[in-house]
$ cat structure.cif   # mmCIF, C-alpha atoms and all ligand atoms
data_start
loop_
_atom_site.group_PDB
_atom_site.id
_atom_site.type_symbol
_atom_site.label_atom_id
_atom_site.label_comp_id
_atom_site.auth_asym_id
_atom_site.auth_seq_id
_atom_site.Cartn_x
_atom_site.Cartn_y
_atom_site.Cartn_z
ATOM 1 C CA MET I 9 222.681 323.141 167.669
ATOM 2 C CA GLY I 10 223.925 325.578 170.275
ATOM 3 C CA TYR I 11 224.751 323.048 173.023
ATOM 4 C CA SER I 12 228.265 322.838 174.462
ATOM 5 C CA TYR I 13 230.386 319.718 173.982
ATOM 6 C CA GLU I 14 230.260 319.046 177.748
ATOM 7 C CA THR I 15 226.438 319.265 177.828
ATOM 8 C CA LEU I 16 226.137 316.874 174.885
ATOM 9 C CA VAL I 17 228.601 314.434 176.483
ATOM 10 C CA ASN I 18 226.569 314.467 179.716
ATOM 11 C CA TRP I 19 223.279 313.946 177.876
ATOM 12 C CA ASP I 20 224.829 311.206 175.751
ATOM 13 C CA ARG I 21 226.017 309.372 178.893
ATOM 14 C CA GLU I 22 222.638 309.844 180.528
ATOM 15 C CA HIS I 23 220.256 308.995 177.693
ATOM 16 C CA LEU I 24 221.846 307.202 174.730
ATOM 17 C CA TRP I 25 222.451 303.515 174.170
ATOM 18 C CA HIS I 26 224.838 303.127 171.247
ATOM 19 C CA PRO I 27 224.242 299.999 169.131
ATOM 20 C CA PHE I 28 226.841 297.183 169.177
ATOM 21 C CA THR I 29 228.856 299.238 171.659
ATOM 22 C CA GLN I 30 230.073 298.057 175.043
ATOM 23 C CA MET I 31 228.671 300.987 176.979
ATOM 24 C CA GLN I 32 230.900 300.628 180.027
ATOM 25 C CA GLY I 33 234.111 301.045 178.047
ATOM 26 C CA PHE I 34 232.558 303.611 175.721
ATOM 27 C CA ARG I 35 231.635 305.919 178.602
ATOM 28 C CA GLU I 36 235.289 306.094 179.642
ATOM 29 C CA GLU I 37 236.499 307.195 176.213
ATOM 30 C CA GLU I 38 236.459 310.677 174.717
ATOM 31 C CA LEU I 39 233.127 311.068 172.912
ATOM 32 C CA LEU I 40 233.692 311.400 169.178
ATOM 33 C CA LEU I 41 231.104 313.995 168.191
ATOM 34 C CA ILE I 42 230.507 314.161 164.447
ATOM 35 C CA THR I 43 229.088 317.475 163.296
ATOM 36 C CA ARG I 44 229.676 317.504 159.545
ATOM 37 C CA GLY I 45 230.436 315.333 156.530
ATOM 38 C CA GLU I 46 231.973 315.979 153.139
ATOM 39 C CA GLY I 47 232.691 313.345 150.512
ATOM 40 C CA VAL I 48 234.492 310.421 152.170
ATOM 41 C CA TYR I 49 235.260 312.461 155.319
ATOM 42 C CA LEU I 50 233.516 313.153 158.613
ATOM 43 C CA PHE I 51 234.478 316.098 160.845
ATOM 44 C CA ASP I 52 234.150 316.370 164.616
ATOM 45 C CA HIS I 53 233.186 319.413 166.698
ATOM 46 C CA LEU I 54 236.814 320.618 166.695
ATOM 47 C CA GLY I 55 237.073 320.348 162.921
ATOM 48 C CA ARG I 56 239.236 317.181 163.064
ATOM 49 C CA ARG I 57 238.823 315.124 159.902
ATOM 50 C CA TYR I 58 238.201 311.334 159.741
ATOM 51 C CA LEU I 59 238.038 309.010 156.761
ATOM 52 C CA ASP I 60 234.585 307.401 156.949
ATOM 53 C CA GLY I 61 236.030 303.987 156.171
ATOM 54 C CA VAL I 62 232.816 302.100 156.978
ATOM 55 C CA SER I 63 230.690 304.492 154.852
ATOM 56 C CA SER I 64 228.455 305.169 157.867
ATOM 57 C CA LEU I 65 228.053 301.410 158.202
ATOM 58 C CA TRP I 66 227.577 300.789 154.469
ATOM 59 C CA THR I 67 224.676 303.233 154.137
ATOM 60 C CA ASN I 68 226.581 306.080 152.501
ATOM 61 C CA VAL I 69 227.874 304.762 149.213
ATOM 62 C CA HIS I 70 227.765 308.119 147.391
ATOM 63 C CA GLY I 71 229.629 310.219 149.953
ATOM 64 C CA HIS I 72 228.534 312.896 152.416
ATOM 65 C CA GLY I 73 226.985 316.111 151.158
ATOM 66 C CA ARG I 74 226.447 315.019 147.542
ATOM 67 C CA PRO I 75 224.852 318.211 146.143
ATOM 68 C CA GLU I 76 222.327 316.508 143.857
ATOM 69 C CA MET I 77 221.097 314.210 146.661
ATOM 70 C CA ASP I 78 220.861 317.025 149.216
ATOM 71 C CA GLN I 79 218.998 319.139 146.673
ATOM 72 C CA ALA I 80 216.531 316.314 145.964
ATOM 73 C CA VAL I 81 215.858 315.922 149.723
ATOM 74 C CA ARG I 82 215.409 319.693 150.188
ATOM 75 C CA GLY I 83 213.101 319.882 147.163
ATOM 76 C CA GLN I 84 210.946 317.036 148.482
ATOM 77 C CA LEU I 85 210.757 318.597 151.973
ATOM 78 C CA GLU I 86 209.244 321.697 150.416
ATOM 79 C CA LEU I 87 206.407 319.535 149.052
ATOM 80 C CA VAL I 88 205.739 316.858 151.700
ATOM 81 C CA ALA I 89 208.089 315.041 154.123
ATOM 82 C CA HIS I 90 206.141 311.789 154.312
ATOM 83 C CA SER I 91 203.065 310.170 152.837
ATOM 84 C CA THR I 92 202.119 306.494 153.152
ATOM 85 C CA LEU I 93 202.026 304.052 150.231
ATOM 86 C CA LEU I 94 199.127 302.270 151.909
ATOM 87 C CA GLY I 95 196.383 302.921 149.366
ATOM 88 C CA LEU I 96 198.088 306.091 148.069
ATOM 89 C CA ALA I 97 201.048 306.819 145.818
ATOM 90 C CA HIS I 98 203.479 309.676 145.260
ATOM 91 C CA PRO I 99 205.746 310.520 142.314
ATOM 92 C CA PRO I 100 209.192 309.692 143.824
ATOM 93 C CA ALA I 101 208.055 306.191 144.896
ATOM 94 C CA ILE I 102 206.752 305.452 141.406
ATOM 95 C CA VAL I 103 209.761 306.873 139.573
ATOM 96 C CA LEU I 104 212.251 305.010 141.812
ATOM 97 C CA ALA I 105 210.311 301.727 141.430
ATOM 98 C CA ARG I 106 210.485 302.123 137.658
ATOM 99 C CA ALA I 107 214.228 302.894 137.793
ATOM 100 C CA LEU I 108 214.891 299.855 140.018
ATOM 101 C CA ALA I 109 212.873 297.584 137.727
ATOM 102 C CA GLU I 110 215.030 298.747 134.815
ATOM 103 C CA VAL I 111 218.325 297.752 136.474
ATOM 104 C CA THR I 112 217.232 294.447 138.048
ATOM 105 C CA PRO I 113 217.377 291.110 136.163
ATOM 106 C CA PRO I 114 214.531 290.255 133.756
ATOM 107 C CA GLY I 115 211.353 289.135 135.517
ATOM 108 C CA LEU I 116 211.909 291.300 138.598
ATOM 109 C CA THR I 117 209.383 293.991 137.796
ATOM 110 C CA LYS I 118 207.765 294.816 141.155
ATOM 111 C CA VAL I 119 209.108 296.860 144.078
ATOM 112 C CA PHE I 120 208.021 296.664 147.716
ATOM 113 C CA TYR I 121 209.683 299.279 149.903
ATOM 114 C CA SER I 122 210.925 298.590 153.396
ATOM 115 C CA ASP I 123 212.755 300.929 155.738
ATOM 116 C CA SER I 124 215.924 299.126 156.875
ATOM 117 C CA GLY I 125 218.082 296.104 156.163
ATOM 118 C CA SER I 126 216.460 294.079 158.940
ATOM 119 C CA THR I 127 212.898 294.884 157.944
ATOM 120 C CA ALA I 128 213.768 294.093 154.312
ATOM 121 C CA VAL I 129 214.817 290.623 155.496
ATOM 122 C CA GLU I 130 211.541 290.279 157.449
ATOM 123 C CA VAL I 131 209.627 291.208 154.293
ATOM 124 C CA ALA I 132 211.587 288.686 152.215
ATOM 125 C CA LEU I 133 210.985 285.885 154.760
ATOM 126 C CA LYS I 134 207.265 286.647 154.901
ATOM 127 C CA MET I 135 206.953 286.872 151.116
ATOM 128 C CA ALA I 136 208.646 283.480 150.680
ATOM 129 C CA PHE I 137 206.449 281.957 153.407
ATOM 130 C CA GLN I 138 203.243 283.476 152.041
ATOM 131 C CA TYR I 139 204.116 282.369 148.507
ATOM 132 C CA TRP I 140 204.063 278.678 149.473
ATOM 133 C CA GLN I 141 200.956 279.100 151.626
ATOM 134 C CA LEU I 142 199.083 280.546 148.654
ATOM 135 C CA GLN I 143 200.555 278.032 146.191
ATOM 136 C CA GLY I 144 198.879 275.202 148.111
ATOM 137 C CA SER I 145 202.045 273.884 149.826
ATOM 138 C CA PRO I 146 201.466 275.077 153.409
ATOM 139 C CA GLN I 147 203.927 272.468 154.741
ATOM 140 C CA LYS I 148 206.857 274.398 153.196
ATOM 141 C CA GLN I 149 207.781 276.446 156.242
ATOM 142 C CA ARG I 150 211.480 275.911 156.860
ATOM 143 C CA PHE I 151 214.291 278.252 155.894
ATOM 144 C CA LEU I 152 217.859 277.310 155.006
ATOM 145 C CA LYS I 153 220.515 279.654 156.359
ATOM 146 C CA LEU I 154 224.261 279.959 155.881
ATOM 147 C CA SER I 155 226.522 279.554 158.890
ATOM 148 C CA GLY I 156 228.023 282.751 160.264
ATOM 149 C CA ALA I 157 225.382 284.885 158.517
ATOM 150 C CA TYR I 158 224.336 288.343 159.659
ATOM 151 C CA HIS I 159 221.070 289.789 158.321
ATOM 152 C CA GLY I 160 220.081 292.275 161.021
ATOM 153 C CA ASP I 161 218.602 292.332 164.504
ATOM 154 C CA THR I 162 214.856 291.846 164.154
ATOM 155 C CA LEU I 163 213.810 288.360 165.242
ATOM 156 C CA GLY I 164 213.245 286.893 161.763
ATOM 157 C CA ALA I 165 216.615 288.222 160.616
ATOM 158 C CA VAL I 166 218.252 286.800 163.764
ATOM 159 C CA SER I 167 216.562 283.416 163.109
ATOM 160 C CA VAL I 168 218.372 283.164 159.772
ATOM 161 C CA GLY I 169 221.575 284.598 161.250
ATOM 162 C CA GLY I 170 224.403 282.652 162.811
ATOM 163 C CA ILE I 171 226.682 284.879 164.831
ATOM 164 C CA THR I 172 226.819 283.340 168.298
ATOM 165 C CA LEU I 173 227.926 286.484 170.117
ATOM 166 C CA PHE I 174 224.992 288.516 168.806
ATOM 167 C CA HIS I 175 222.319 285.849 168.544
ATOM 168 C CA ASP I 176 222.696 283.067 171.121
ATOM 169 C CA ILE I 177 220.822 284.751 173.964
ATOM 170 C CA PHE I 178 217.721 285.143 171.754
ATOM 171 C CA ARG I 179 217.668 281.467 170.668
ATOM 172 C CA PRO I 180 214.392 280.667 172.579
ATOM 173 C CA LEU I 181 212.558 283.374 170.604
ATOM 174 C CA LEU I 182 213.653 282.220 167.137
ATOM 175 C CA PHE I 183 212.092 279.915 164.550
ATOM 176 C CA GLU I 184 213.890 276.718 163.530
ATOM 177 C CA THR I 185 216.143 276.680 160.480
ATOM 178 C CA LEU I 186 218.385 274.349 158.515
ATOM 179 C CA GLU I 187 222.010 275.410 158.367
ATOM 180 C CA ALA I 188 224.531 274.998 155.540
ATOM 181 C CA PRO I 189 228.200 276.054 155.544
ATOM 182 C CA ALA I 190 228.898 279.403 153.936
ATOM 183 C CA PRO I 191 231.289 279.464 150.943
ATOM 184 C CA TYR I 192 233.839 281.335 153.060
ATOM 185 C CA CYS I 193 237.114 279.703 153.817
ATOM 186 C CA TYR I 194 238.852 282.087 156.163
ATOM 187 C CA ARG I 195 239.150 279.828 159.234
ATOM 188 C CA CYS I 196 237.170 277.264 157.250
ATOM 189 C CA PRO I 197 236.001 274.359 159.443
ATOM 190 C CA GLN I 198 236.567 271.992 156.478
ATOM 191 C CA ALA I 199 240.116 273.205 155.799
ATOM 192 C CA GLU I 200 242.997 270.891 156.556
ATOM 193 C CA ASP I 201 245.638 272.102 159.016
HETATM 194 C C1 LIG G 1 224.320 292.023 155.519
HETATM 195 C C2 LIG G 1 223.414 292.840 156.382
HETATM 196 N N1 LIG G 1 222.086 292.582 156.351
HETATM 197 C C3 LIG G 1 221.225 293.294 157.118
HETATM 198 C C4 LIG G 1 221.676 294.286 157.981
HETATM 199 C C5 LIG G 1 220.696 295.022 158.862
HETATM 200 O O1 LIG G 1 220.433 296.283 158.370
HETATM 201 P P1 LIG G 1 219.789 297.409 159.286
HETATM 202 O O2 LIG G 1 220.838 297.803 160.286
HETATM 203 O O3 LIG G 1 219.460 298.509 158.302
HETATM 204 O O4 LIG G 1 218.563 296.839 159.936
HETATM 205 C C6 LIG G 1 223.034 294.588 158.018
HETATM 206 C C7 LIG G 1 223.515 295.624 158.924
HETATM 207 O O5 LIG G 1 224.673 295.784 159.215
HETATM 208 C C8 LIG G 1 223.931 293.845 157.218
HETATM 209 O O6 LIG G 1 225.247 294.072 157.269
#

$ encode --input "structure.cif" --output "structure tokens"
Amino acid sequence: MGYSYETLVNWDREHLWHPFTQMQGFREEELLLITRGEGVYLFDHLGRRYLDGVSSLWTNVHGHGRPEMDQAVRGQLELVAHSTLLGLAHPPAIVLARALAEVTPPGLTKVFYSDSGSTAVEVALKMAFQYWQLQGSPQKQRFLKLSGAYHGDTLGAVSVGGITLFHDIFRPLLFETLEAPAPYCYRCPQAED
């Protein structure tokens, strides 16, 4: 983008909060500046190569720079970058919904798009809640969650989450839930010594 590494480091320190990152310690480390990706690798501004072992936090399952995906994005940008689904439709949304319906289990025929993991959880919570309201059982309002769960950082997702370090401070803002143990027996509370 034409800015020097030093300028970007200064601007990063001045303006960016990095998620789930202890900023005090982070500021003292060398800033890892990713400028390019290819397949399973990321490259920094000096051309050093890193294995993207977390797949850009599980969002890049097909690898960086997949030609057919990049081409599809470029092709769409030449037509329109964004159009709402609120009262309108566009071909990619329809075609993807159809493709998803074909690979999901029988009976799951409708698609509602959301824009992140957390907002997808909000949508799911609201759909479940609204379902019982409209079915004539308005008293069904409680959610069961699994202990140790992580579903994202919006407040509904935090309400059904159970990671003390991330969630405890927000407890007063959350709705009540029932909690059941997760089927996960690494450091299992029920395990015998
Ligand atoms: C299991 C799970 N659910 C939900 C989320 C939240 O997704 P997002 O960061 O897209 O809001 C994450 C994110 O790490 C996740 O691991």

$ resolve_selection --input "structure.cif" --expression "the PyMOL selection byres (((chain I and resi 14-21) around 10) and not hetatm)" --output "JSON, numbers by chain"
{"I": [11, 12, 13, 22, 23, 24, 25, 26, 31, 34, 35, 36, 38, 39, 40, 41]}

$ closest_residue --input "structure.cif" --among "I:Leu65, I:Ala109, I:Leu182, I:Val131" --to "ligand LIG 1 (chain G)" --atoms "all atoms listed in the file"
I:Leu65

$ closest_atom_pairs --input "structure.cif" --of "chain I" --to "ligand LIG 1 (chain G)" --cutoff "12 Å" --atoms "all atoms listed in the file" --output "Markdown table"
| residue | atom | partner | partner_atom | distance |
| --- | --- | --- | --- | --- |
| I:Pro27 | CA | G:LIG1 | O2 | 9.7 |
| I:Phe28 | CA | G:LIG1 | O5 | 10.3 |
| I:Val62 | CA | G:LIG1 | O5 | 10.5 |
| I:Ser63 | CA | G:LIG1 | O5 | 11.4 |
| I:Ser64 | CA | G:LIG1 | O5 | 10.2 |
| I:Leu65 | CA | G:LIG1 | O5 | 6.6 |
| I:Trp66 | CA | G:LIG1 | O5 | 7.5 |
| I:Thr67 | CA | G:LIG1 | O3 | 8.2 |
| I:Asn68 | CA | G:LIG1 | O3 | 11.9 |
| I:Ser122 | CA | G:LIG1 | O3 | 9.8 |
| I:Asp123 | CA | G:LIG1 | O3 | 7.6 |
| I:Ser124 | CA | G:LIG1 | O3 | 3.9 |
| I:Gly125 | CA | G:LIG1 | O1 | 3.2 |
| I:Ser126 | CA | G:LIG1 | O4 | 3.6 |
| I:Thr127 | CA | G:LIG1 | O4 | 6.3 |
| I:Ala128 | CA | G:LIG1 | O4 | 7.9 |
| I:Val129 | CA | G:LIG1 | C3 | 7.1 |
| I:Glu130 | CA | G:LIG1 | O4 | 9.9 |
| I:Val131 | CA | G:LIG1 | O4 | 12.0 |
| I:Ala132 | CA | G:LIG1 | C3 | 11.8 |
| I:Gly156 | CA | G:LIG1 | C1 | 11.1 |
| I:Ala157 | CA | G:LIG1 | C1 | 7.8 |
| I:Tyr158 | CA | G:LIG1 | C1 | 5.5 |
| I:His159 | CA | G:LIG1 | N1 | 3.6 |
| I:Gly160 | CA | G:LIG1 | C5 | 3.5 |
| I:Asp161 | CA | G:LIG1 | O4 | 6.4 |
| I:Thr162 | CA | G:LIG1 | O4 | 7.5 |
| I:Leu163 | CA | G:LIG1 | O4 | 11.1 |
| I:Gly164 | CA | G:LIG1 | C3 | 11.2 |
| I:Ala165 | CA | G:LIG1 | C3 | 7.7 |
| I:Val166 | CA | G:LIG1 | C3 | 9.8 |
| I:Val168 | CA | G:LIG1 | N1 | 10.7 |
| I:Gly169 | CA | G:LIG1 | N1 | 9.4 |
| I:Gly170 | CA | G:LIG1 | C1 | 11.9 |
| I:Ile171 | CA | G:LIG1 | C1 | 12.0 |

$ resolve_selection --input "structure.cif" --expression "the PyMOL selection byres (((chain I and resi 42-44) around 10) and not hetatm)" --output "list in words"
Met9, Leu39, Leu40, Leu41, Gly45, Glu46, Tyr49, Leu50, Phe51, Asp52, His53, Leu54, Gly55, Arg56, Arg57, Tyr58, His72 and Gly73 of chain I

$ write_last_selection --input "structure.cif" --atoms "C-alpha atoms" --output "PDB file, in the coordinates of the input"
ATOM      1  CA  MET I   9     222.681 323.141 167.669  1.00  0.00           C
ATOM      2  CA  LEU I  39     233.127 311.068 172.912  1.00  0.00           C
ATOM      3  CA  LEU I  40     233.692 311.400 169.178  1.00  0.00           C
ATOM      4  CA  LEU I  41     231.104 313.995 168.191  1.00  0.00           C
ATOM      5  CA  GLY I  45     230.436 315.333 156.530  1.00  0.00           C
ATOM      6  CA  GLU I  46     231.973 315.979 153.139  1.00  0.00           C
ATOM      7  CA  TYR I  49     235.260 312.461 155.319  1.00  0.00           C
ATOM      8  CA  LEU I  50     233.516 313.153 158.613  1.00  0.00           C
ATOM      9  CA  PHE I  51     234.478 316.098 160.845  1.00  0.00           C
ATOM     10  CA  ASP I  52     234.150 316.370 164.616  1.00  0.00           C
ATOM     11  CA  HIS I  53     233.186 319.413 166.698  1.00  0.00           C
ATOM     12  CA  LEU I  54     236.814 320.618 166.695  1.00  0.00           C
ATOM     13  CA  GLY I  55     237.073 320.348 162.921  1.00  0.00           C
ATOM     14  CA  ARG I  56     239.236 317.181 163.064  1.00  0.00           C
ATOM     15  CA  ARG I  57     238.823 315.124 159.902  1.00  0.00           C
ATOM     16  CA  TYR I  58     238.201 311.334 159.741  1.00  0.00           C
ATOM     17  CA  HIS I  72     228.534 312.896 152.416  1.00  0.00           C
ATOM     18  CA  GLY I  73     226.985 316.111 151.158  1.00  0.00           C
TER      19      GLY I  73
END

$ atom_distance --input "structure.cif" --atom1 "CA of Glu76 (chain I)" --atom2 "CA of Val103 (chain I)"
16.4 Å

$ atom_distance --input "structure.cif" --atom1 "CA of Gln84 (chain I)" --atom2 "CA of His98 (chain I)"
11.0 Å

$ resolve_selection --input "structure.cif" --expression "the PyMOL selection byres (((chain I and resi 184) around 9) and not hetatm)" --output "PDB file with C-alpha atoms, in the frame of the given file"
ATOM      1  CA  ARG I 150     211.480 275.911 156.860  1.00  0.00           C
ATOM      2  CA  PHE I 151     214.291 278.252 155.894  1.00  0.00           C
ATOM      3  CA  SER I 167     216.562 283.416 163.109  1.00  0.00           C
ATOM      4  CA  VAL I 168     218.372 283.164 159.772  1.00  0.00           C
ATOM      5  CA  LEU I 182     213.653 282.220 167.137  1.00  0.00           C
ATOM      6  CA  PHE I 183     212.092 279.915 164.550  1.00  0.00           C
ATOM      7  CA  THR I 185     216.143 276.680 160.480  1.00  0.00           C
ATOM      8  CA  LEU I 186     218.385 274.349 158.515  1.00  0.00           C
TER       9      LEU I 186
END

$ atom_distance --input "structure.cif" --atom1 "CA of Gln79 (chain I)" --atom2 "CA of Ala105 (chain I)"
20.2 Å

$ build_atoms --input "structure.cif" --residues "region 29-46 of chain I" --atoms "N, CA, C and O atoms" --output "compact mmCIF listing (two decimals), in the frame of the given file"
# COMPACT_ATOMS: atom_id res chain seq x y z
N THR I 29 227.80 298.49 170.98
CA THR I 29 228.86 299.24 171.66
C THR I 29 228.85 298.83 173.13
O THR I 29 227.79 298.89 173.77
N GLN I 30 229.99 298.41 173.63
CA GLN I 30 230.07 298.06 175.04
C GLN I 30 230.03 299.37 175.83
O GLN I 30 231.00 300.12 175.86
N MET I 31 228.89 299.65 176.43
CA MET I 31 228.67 300.99 176.98
C MET I 31 229.63 301.34 178.11
O MET I 31 230.01 302.49 178.27
N GLN I 32 230.02 300.34 178.89
CA GLN I 32 230.90 300.63 180.03
C GLN I 32 232.24 301.23 179.56
O GLN I 32 232.65 302.28 180.05
N GLY I 33 232.85 300.55 178.58
CA GLY I 33 234.11 301.04 178.05
C GLY I 33 233.92 302.35 177.30
O GLY I 33 234.72 303.28 177.40
N PHE I 34 232.83 302.44 176.55
CA PHE I 34 232.56 303.61 175.72
C PHE I 34 232.46 304.88 176.57
O PHE I 34 232.94 305.94 176.20
N ARG I 35 231.84 304.75 177.73
CA ARG I 35 231.64 305.92 178.60
C ARG I 35 232.96 306.48 179.10
O ARG I 35 233.04 307.64 179.46
N GLU I 36 233.99 305.63 179.13
CA GLU I 36 235.29 306.09 179.64
C GLU I 36 236.14 306.76 178.56
O GLU I 36 237.14 307.41 178.85
N GLU I 37 235.70 306.62 177.31
CA GLU I 37 236.50 307.20 176.21
C GLU I 37 236.01 308.61 175.89
O GLU I 37 234.89 308.97 176.23
N GLU I 38 236.88 309.36 175.20
CA GLU I 38 236.46 310.68 174.72
C GLU I 38 235.32 310.47 173.71
O GLU I 38 235.43 309.61 172.84
N LEU I 39 234.25 311.24 173.85
CA LEU I 39 233.13 311.07 172.91
C LEU I 39 233.48 311.70 171.57
O LEU I 39 233.81 312.89 171.50
N LEU I 40 233.42 310.90 170.53
CA LEU I 40 233.69 311.40 169.18
C LEU I 40 232.39 311.97 168.63
O LEU I 40 231.45 311.24 168.33
N LEU I 41 232.35 313.30 168.54
CA LEU I 41 231.10 314.00 168.19
C LEU I 41 231.19 314.48 166.75
O LEU I 41 231.91 315.44 166.44
N ILE I 42 230.46 313.82 165.87
CA ILE I 42 230.51 314.16 164.45
C ILE I 42 229.50 315.28 164.17
O ILE I 42 228.32 315.17 164.50
N THR I 43 229.98 316.34 163.55
CA THR I 43 229.09 317.48 163.30
C THR I 43 228.92 317.79 161.81
O THR I 43 228.07 318.59 161.44
N ARG I 44 229.73 317.14 160.95
CA ARG I 44 229.68 317.50 159.54
C ARG I 44 230.29 316.39 158.70
O ARG I 44 231.13 315.64 159.20
N GLY I 45 229.83 316.31 157.44
CA GLY I 45 230.44 315.33 156.53
C GLY I 45 230.66 315.95 155.17
O GLY I 45 229.92 316.85 154.75
N GLU I 46 231.70 315.47 154.49
CA GLU I 46 231.97 315.98 153.14
C GLU I 46 232.70 314.89 152.36
O GLU I 46 233.81 314.49 152.76
